[in-house]
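What follows is a set of notes on a single structure, which appears directly below.
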Amino acid sequence: MGMPWSESAEEALARLESDPATGLGAGEAAARLARHGPNRLAEKAPRPAWLKFADQFRNVLTGVLIGAAALAGVIGELKDAVVILVVVVFNAALGFHQEARAERTLAALKGMLARRARVRRDGRVAELDVEALVPGDLVLLEAGDRIPADGRFLVAHGVEVDEAALTGESHAVGKHTVPVEADAPLAERVNMGYMNTTLTRGRAELLVSATGMATEMGRLAAMLEAAEAGETPLQKELDRVGKRLAAIAVAVIAAILAVGIGHGQEVAKAVLNAVALAVAAIPEGLPAVVTVTLAVGMYRMARQKAVVRKLAAVETLGSTTVICSDKTGTLTLNQMTVRALHFRGRRYTVTGEGYGGDGEILPEAGADAPELAPLLLPMALCSESRIRGGRLIGDPTEGALLALAAKGGVEPETALEHHPRIAEIPFDSAHKFMATFHHAGETVLLLVKGAPDVLLARSGRWMGPEGECALDDGARAALGAENEALARRAFRVLAVASRELPARGFDPGGDLFGWVEELCFQGLAGIQDPPRPEAAEAIELCRRAGIQVKMITGDHKLTASAVARELGLEGEVMSGAELDAVSAPELSAAIERVAVFARVAPEHKVKIVAALKGRGHVVAMTGDGVNDAPAIKTADIGVAMGITGTEVTKEAAAMVLADDNFATIVRAVKEGRTIFENIVKFVRFQLSTNIGAILTVSAATFTGLPAPFTAIQILWINIIMDGPPAMTLGVDPPRAGVMEAAPRPPGQAILSGPRLARLVQYGLTMAAGTLAVFYWALGTGSEARALTLAFTTFVLFQFFNIMNARNETGSAFNRQIFSNGKLWLALLAVLALQVVVVHWGGAQAIFHTVDLEPLDWAVAALAASSVLLIEELRKAAARLRGAMRAQENTKDD
């Protein structure tokens, strides 16, 4: 079976058994609807809410806590069991509230479908719901219509289609009815129309060849459904941390049980100690603090125009090593703009972007600027488009010319009042020009715009340096060379020309083509979708931060290369055809050298992202069109444009840029890096507490001392004492130079060897200090006082230890020590709560505490400060050794 684009119109009609004059009959249409199904996209059933809630319990940390609660319940300690389970359910509810959101990507695709379509059936034109369309239907289309299904153009009068959302083309594509090669890529099937692309000009009749999931849009929907979203680096690392802690907890619990029972301890008491150890080993606050830290980060990023839809994506962006960016609308404005002119033998540069009319037309240095009206008038009047309030209504290329005319002082509306249009020749890809005829007193003004070679062939005169003169061979060659020079700079080049006709002999209803001869060639305009002004700076910032930027576009290699040079992207250029020709291993070997991928299809983008991820990169994919959505979902983090982005892309993305500004990504990267560093601070703080608690309880058991903490006291330490201060670590300001370092390697462990050694050092200090105070108190008072004092000492250790967590390598006593006011408020609140627990009767009954004397508090504070003082001495010694080594290296040099 032939492809619709490779068949003639007659062959396509015959294969689909349709009549161009009458269309399908009602009976045949109904039969085909039953056979092919409605013209809509398949939907995927959402995951039930209860399963999403159940997912929150599927981790090792939660499993160990539930096991500890069960053990406490078995031996009759129901209070402990209930408290532990309440903590577990609270963490799960918090995670569910933040994370649970249904997949809406396919629903968004469905929502993009045009609702009604004009169709020829039974010889009559009727408006039908697009879901009723079937292969073989004849759809009638006009400028501004959204194409409701895939199909073959049977009639195309001056048709251009905006396919940027599907193919990445930055300008509208001319359409015709001539067959093309069967293996032509999607962007070059110029006799086809695709679902949800838009006619920007002309009139067409479309023979529907595919509906619903069989369309290109349906194929994208299937790719989106097939694309799997993997775990982020943070999720993977926290899972590893959880498994390590669980293994440690199980080993220590087994040892404590064995030692306790071996020393003749009651089984119930040994089990209670084991439960206390299980609680001590698990950082219960970790899920809640990570969730809150990421949520706060989401809020801060939203204030900077980066709206994050998924919590873990905040951290992923911070560890991104490659950003794959769509060109059109992301690195560029997606607003065609005239940036170069050639008029009367002179070259001009045009400033300003977009359709607002802001900017200037500047001659080259040393050149005088002649009157530009003869050049600008055809651009203003030979057009079907209009600009209203900076917004374009119509074709982007015509919008570029209208904006240029406004920059030169020619207002289209005013010009049209002085020169009303009386006839026109619409643009058609067959003759490659548009012509309009305007009343101008005793004459008719003919204005033409089109392809430079076509207008040169129809011109006999031109506007030279000295004014209008004959267009000789030398002038033709010079203009042809200028056209080629602009094309080499990746400009889309248009020419304009004019001619004055005698009004008496002009017939608006006659043969208008006969007048389009002996024109006066006015000049050339180089049109381009310009890079965003801030994009080059953002790319440079990415380079300094160790992040590669790769541009992916549906444009030709020449256009893509020119934009890449202007943006400062350095590297090779690879086309979609070349991507098809290389194997996955070959692409993997070459991909690091490639900076630009041109003429690509959606599946190419997925292939590129997969190759980068295969090399260990953390990949961010940005874009705005439907064509970007599958790769956005496949990437580690997808970034969609909020203004120009389609709903499909936004739903597939993890983050949406509210201002469509590529530079916003760099700010988001900085925020992501800061958030991850703050989470690491919390992990260091929480785990050193856990290690300290494990060592304290274990050492007490092995030395024959009573257990210094109960399970509820340890939960109090882990959740209440550690929780609020740890959460405030999440809003610590970024450290200096956070964007000067390379991205964190994806496989780098939070618990590296040196870091774990320091945590063990903190834990040993806390255990030694707590047990020393405990032993001293046992010898100078009651066991109840000693237990309360040991509990209080361990709580105060956290006050000083959090300073170690904030500064892993530098001194805690730096300029940022008071930069986080929320942290100091939390620490003061923790101290107040501990006073309440120790001295209020109601709390004493729950936590098994008694009143302490002021001397006891002083002893506890003095012992607790040791963890900070010892670490400061270690850091000072390390800095001194580093300075001495640097001095020795200087002497050697």
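By convention in this document, the chains of the structure tokens carry letters A, B, ... by their order, each chain's residues are numbered from 1, and ligands are numbered from 1 in the order they are shown.
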Which residues of region 479-540 of chain A come within 12 Å of region 468-471 of chain A, and for each one, what is the closest pair of atoms and their distance in Å to one decimal, counting only C-alpha atoms, sorted by chain and residue number, as CSV?
```
residue,atom,partner,partner_atom,distance
A:Leu479,CA,A:Leu471,CA,9.9
A:Ala497,CA,A:Glu468,CA,11.7
A:Ser498,CA,A:Glu468,CA,11.3
A:Arg499,CA,A:Glu468,CA,11.4
A:Glu518,CA,A:Leu471,CA,9.9
A:Leu519,CA,A:Leu471,CA,9.9
A:Cys520,CA,A:Glu468,CA,7.6
A:Phe521,CA,A:Leu471,CA,8.3
A:Gln522,CA,A:Glu468,CA,9.0
A:Gly523,CA,A:Glu468,CA,11.8
```
Next, dump the selected residues to file, keeping only C-alpha atoms, as a PDB file, in the first residue's frame.
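Result file follows (part.pdb):
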```
ATOM      1  CA  LEU A 479      21.754  41.255  -6.514  1.00  0.00           C
ATOM      2  CA  ALA A 497       9.347  45.063  -6.275  1.00  0.00           C
ATOM      3  CA  SER A 498       6.860  47.573  -7.647  1.00  0.00           C
ATOM      4  CA  ARG A 499       5.475  49.069 -10.858  1.00  0.00           C
ATOM      5  CA  GLU A 518       8.979  44.816 -16.155  1.00  0.00           C
ATOM      6  CA  LEU A 519       8.969  45.408 -12.417  1.00  0.00           C
ATOM      7  CA  CYS A 520      11.272  47.777 -10.549  1.00  0.00           C
ATOM      8  CA  PHE A 521      13.268  45.601  -8.170  1.00  0.00           C
ATOM      9  CA  GLN A 522      13.394  47.422  -4.809  1.00  0.00           C
ATOM     10  CA  GLY A 523      15.477  45.300  -2.448  1.00  0.00           C
TER      11      GLY A 523
END
```
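Atom pair CA of Ala726 (chain A) / CA of Ser688 (chain A) has a distance of 12.5 Å (rounded to one decimal).
Closest approach to Ala777 (chain A) among A:Leu456, A:Leu381, A:Leu140, A:Ala790: A:Ala790, based on only C-alpha atoms.
Between Val606 (chain A) and the candidates A:Cys324, A:Ala481, A:Val82, A:Pro374, the tightest atom-to-atom separation, counting only C-alpha atoms, involves A:Cys324.
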Q: Excluding Glu572 (chain A) and residues on its chain fewer than 4 positions from it, collect all residues at most 8 Å away from it, counting only C-alpha atoms, and give them as a PyMOL selection string.
A: chain A and resi 593-596
Restricting it to all heavy atoms, dump the selection as a PDB file, in the first residue's frame.
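File written: out09.pdb
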```pdb
ATOM      1  N   ARG A 593      30.608  15.356  21.166  1.00  0.00           N
ATOM      2  CA  ARG A 593      31.176  16.379  20.273  1.00  0.00           C
ATOM      3  C   ARG A 593      30.107  17.207  19.574  1.00  0.00           C
ATOM      4  O   ARG A 593      30.408  18.252  19.004  1.00  0.00           O
ATOM      5  CB  ARG A 593      32.059  15.711  19.205  1.00  0.00           C
ATOM      6  CG  ARG A 593      33.174  14.858  19.763  1.00  0.00           C
ATOM      7  CD  ARG A 593      34.132  14.433  18.651  1.00  0.00           C
ATOM      8  NE  ARG A 593      33.454  13.740  17.560  1.00  0.00           N
ATOM      9  CZ  ARG A 593      33.277  12.415  17.529  1.00  0.00           C
ATOM     10  NH1 ARG A 593      33.712  11.660  18.531  1.00  0.00           N
ATOM     11  NH2 ARG A 593      32.676  11.852  16.507  1.00  0.00           N
ATOM     12  N   VAL A 594      28.872  16.735  19.590  1.00  0.00           N
ATOM     13  CA  VAL A 594      27.804  17.384  18.824  1.00  0.00           C
ATOM     14  C   VAL A 594      27.110  18.427  19.694  1.00  0.00           C
ATOM     15  O   VAL A 594      26.709  18.154  20.824  1.00  0.00           O
ATOM     16  CB  VAL A 594      26.783  16.345  18.331  1.00  0.00           C
ATOM     17  CG1 VAL A 594      25.663  17.030  17.549  1.00  0.00           C
ATOM     18  CG2 VAL A 594      27.474  15.305  17.458  1.00  0.00           C
ATOM     19  N   ALA A 595      26.993  19.649  19.155  1.00  0.00           N
ATOM     20  CA  ALA A 595      26.304  20.728  19.871  1.00  0.00           C
ATOM     21  C   ALA A 595      24.933  21.030  19.279  1.00  0.00           C
ATOM     22  O   ALA A 595      24.078  21.601  19.955  1.00  0.00           O
ATOM     23  CB  ALA A 595      27.150  22.003  19.850  1.00  0.00           C
ATOM     24  N   VAL A 596      24.720  20.645  18.011  1.00  0.00           N
ATOM     25  CA  VAL A 596      23.476  20.979  17.318  1.00  0.00           C
ATOM     26  C   VAL A 596      22.956  19.752  16.586  1.00  0.00           C
ATOM     27  O   VAL A 596      23.708  19.086  15.862  1.00  0.00           O
ATOM     28  CB  VAL A 596      23.680  22.136  16.311  1.00  0.00           C
ATOM     29  CG1 VAL A 596      22.374  22.456  15.596  1.00  0.00           C
ATOM     30  CG2 VAL A 596      24.224  23.372  17.003  1.00  0.00           C
TER      31      VAL A 596
END
```
Distance query Ile665 (chain A) at most 9 Å, only C-alpha atoms, self and fewer than 5 positions along chain excluded, as a short mmCIF file (atom, residue, chain, number, x, y, z; two decimals) with N, CA and C atoms, in the first residue's frame:
```
data_model
loop_
_atom_site.label_atom_id
_atom_site.label_comp_id
_atom_site.auth_asym_id
_atom_site.auth_seq_id
_atom_site.Cartn_x
_atom_site.Cartn_y
_atom_site.Cartn_z
N ALA A 306 9.97 29.86 37.55
CA ALA A 306 10.18 28.44 37.23
C ALA A 306 9.20 27.63 38.09
N LEU A 317 17.28 18.96 38.64
CA LEU A 317 17.76 20.09 37.85
C LEU A 317 19.10 20.58 38.37
N ALA A 538 22.91 33.06 29.21
CA ALA A 538 22.51 31.89 29.99
C ALA A 538 23.33 30.67 29.60
N VAL A 639 11.51 20.36 30.82
CA VAL A 639 11.25 21.77 31.08
C VAL A 639 10.43 22.32 29.92
N LEU A 657 8.53 26.93 32.59
CA LEU A 657 9.08 28.28 32.68
C LEU A 657 7.96 29.28 32.38
N LYS A 670 20.70 26.89 39.91
CA LYS A 670 21.31 27.38 41.15
C LYS A 670 20.45 27.01 42.35
#
```
Q | Phe797 (chain A) environment, 12 Å, only C-alpha atoms, sequence neighbours closer than 6 positions dropped, as a PyMOL selection string | A | chain A and resi 685-686+688-689+692-693+717+721-722+762-770+790-791+803-804+827+830-831+859-869
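Taking CA of Leu828 (chain A) and CA of Phe799 (chain A) as endpoints, the distance between them is 9.2 Å.
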Q. What lies within 12 Å of region 442-447 of chain A using only C-alpha atoms, ignoring chain neighbours under 5 positions off, as a VMD selection string?
A. chain A and resid 374 to 383 416 418 to 425 433 to 437 455 495 to 508 512 to 522
Take the residues from that selection and put them in a file with C-alpha atoms, as a PDB file, in the first residue's frame.
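Result written to out_34.pdb:
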```pdb
ATOM      1  CA  PRO A 374       9.899  52.642  -1.840  1.00  0.00           C
ATOM      2  CA  LEU A 375      11.262  49.545  -0.092  1.00  0.00           C
ATOM      3  CA  LEU A 376       8.897  49.542   2.889  1.00  0.00           C
ATOM      4  CA  LEU A 377       5.631  50.328   1.108  1.00  0.00           C
ATOM      5  CA  PRO A 378       5.382  46.892  -0.613  1.00  0.00           C
ATOM      6  CA  MET A 379       6.119  45.232   2.750  1.00  0.00           C
ATOM      7  CA  ALA A 380       3.335  47.182   4.453  1.00  0.00           C
ATOM      8  CA  LEU A 381       0.650  46.815   1.762  1.00  0.00           C
ATOM      9  CA  CYS A 382       1.370  43.499   0.013  1.00  0.00           C
ATOM     10  CA  SER A 383       0.143  41.456   2.979  1.00  0.00           C
ATOM     11  CA  LEU A 416      -3.781  51.439   3.003  1.00  0.00           C
ATOM     12  CA  HIS A 418      -3.932  56.411   0.948  1.00  0.00           C
ATOM     13  CA  HIS A 419      -3.575  53.444  -1.411  1.00  0.00           C
ATOM     14  CA  PRO A 420      -6.725  51.270  -1.196  1.00  0.00           C
ATOM     15  CA  ARG A 421      -6.369  47.760  -2.620  1.00  0.00           C
ATOM     16  CA  ILE A 422      -8.381  47.050  -5.755  1.00  0.00           C
ATOM     17  CA  ALA A 423      -7.065  43.618  -6.810  1.00  0.00           C
ATOM     18  CA  GLU A 424      -4.593  40.928  -5.791  1.00  0.00           C
ATOM     19  CA  ILE A 425      -2.786  37.778  -6.809  1.00  0.00           C
ATOM     20  CA  PHE A 433       5.066  35.596  -5.233  1.00  0.00           C
ATOM     21  CA  MET A 434       2.143  37.695  -4.029  1.00  0.00           C
ATOM     22  CA  ALA A 435       1.006  40.848  -5.799  1.00  0.00           C
ATOM     23  CA  THR A 436      -1.463  43.557  -4.793  1.00  0.00           C
ATOM     24  CA  PHE A 437      -2.847  46.406  -6.881  1.00  0.00           C
ATOM     25  CA  LEU A 455      11.211  38.710  -8.943  1.00  0.00           C
ATOM     26  CA  ALA A 495      12.469  40.379  -2.393  1.00  0.00           C
ATOM     27  CA  VAL A 496      10.059  43.240  -3.035  1.00  0.00           C
ATOM     28  CA  ALA A 497       9.347  45.063  -6.275  1.00  0.00           C
ATOM     29  CA  SER A 498       6.860  47.573  -7.647  1.00  0.00           C
ATOM     30  CA  ARG A 499       5.475  49.069 -10.858  1.00  0.00           C
ATOM     31  CA  GLU A 500       3.174  51.946 -11.765  1.00  0.00           C
ATOM     32  CA  LEU A 501       0.369  51.055 -14.206  1.00  0.00           C
ATOM     33  CA  PRO A 502      -1.970  53.366 -16.141  1.00  0.00           C
ATOM     34  CA  ALA A 503      -5.337  53.400 -14.358  1.00  0.00           C
ATOM     35  CA  ARG A 504      -7.246  53.768 -17.631  1.00  0.00           C
ATOM     36  CA  GLY A 505      -6.157  50.442 -19.100  1.00  0.00           C
ATOM     37  CA  PHE A 506      -6.321  48.405 -15.880  1.00  0.00           C
ATOM     38  CA  ASP A 507      -9.092  45.820 -15.394  1.00  0.00           C
ATOM     39  CA  PRO A 508      -9.227  44.370 -11.833  1.00  0.00           C
ATOM     40  CA  LEU A 512      -3.554  40.168 -13.548  1.00  0.00           C
ATOM     41  CA  PHE A 513      -0.481  38.000 -14.144  1.00  0.00           C
ATOM     42  CA  GLY A 514       0.225  39.883 -17.379  1.00  0.00           C
ATOM     43  CA  TRP A 515       0.994  43.024 -15.385  1.00  0.00           C
ATOM     44  CA  VAL A 516       3.638  41.346 -13.226  1.00  0.00           C
ATOM     45  CA  GLU A 517       6.424  42.050 -15.717  1.00  0.00           C
ATOM     46  CA  GLU A 518       8.979  44.816 -16.155  1.00  0.00           C
ATOM     47  CA  LEU A 519       8.969  45.408 -12.417  1.00  0.00           C
ATOM     48  CA  CYS A 520      11.272  47.777 -10.549  1.00  0.00           C
ATOM     49  CA  PHE A 521      13.268  45.601  -8.170  1.00  0.00           C
ATOM     50  CA  GLN A 522      13.394  47.422  -4.809  1.00  0.00           C
TER      51      GLN A 522
END
```
Q: If you run DSSP over the backbone, which residues in region 338-531 of chain A end up strand (DSSP E or B)? Put them as a PyMOL selection string.
A: chain A and resi 338-343+346-350+361-363+386-388+391-393+421-425+433-440+443-450+459-464+467-470+492-502+519-528+531
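Excluding region 387-403 of chain A and any residue on its chain fewer than 5 positions from it, the residues at most 6 Å away by only C-alpha atoms are A:Thr200, A:Met336, A:Thr337, A:Val338, A:Tyr355, A:Gly356, A:Gly357, A:Met379, A:Ala380.
Among the candidates A:Glu417, A:Asp150, A:Glu677, A:Asp358, the one nearest to Ile750 (chain A) when counting only C-alpha atoms is A:Glu677.
CA of Phe676 (chain A) lies 16.1 Å from CA of Arg240 (chain A).
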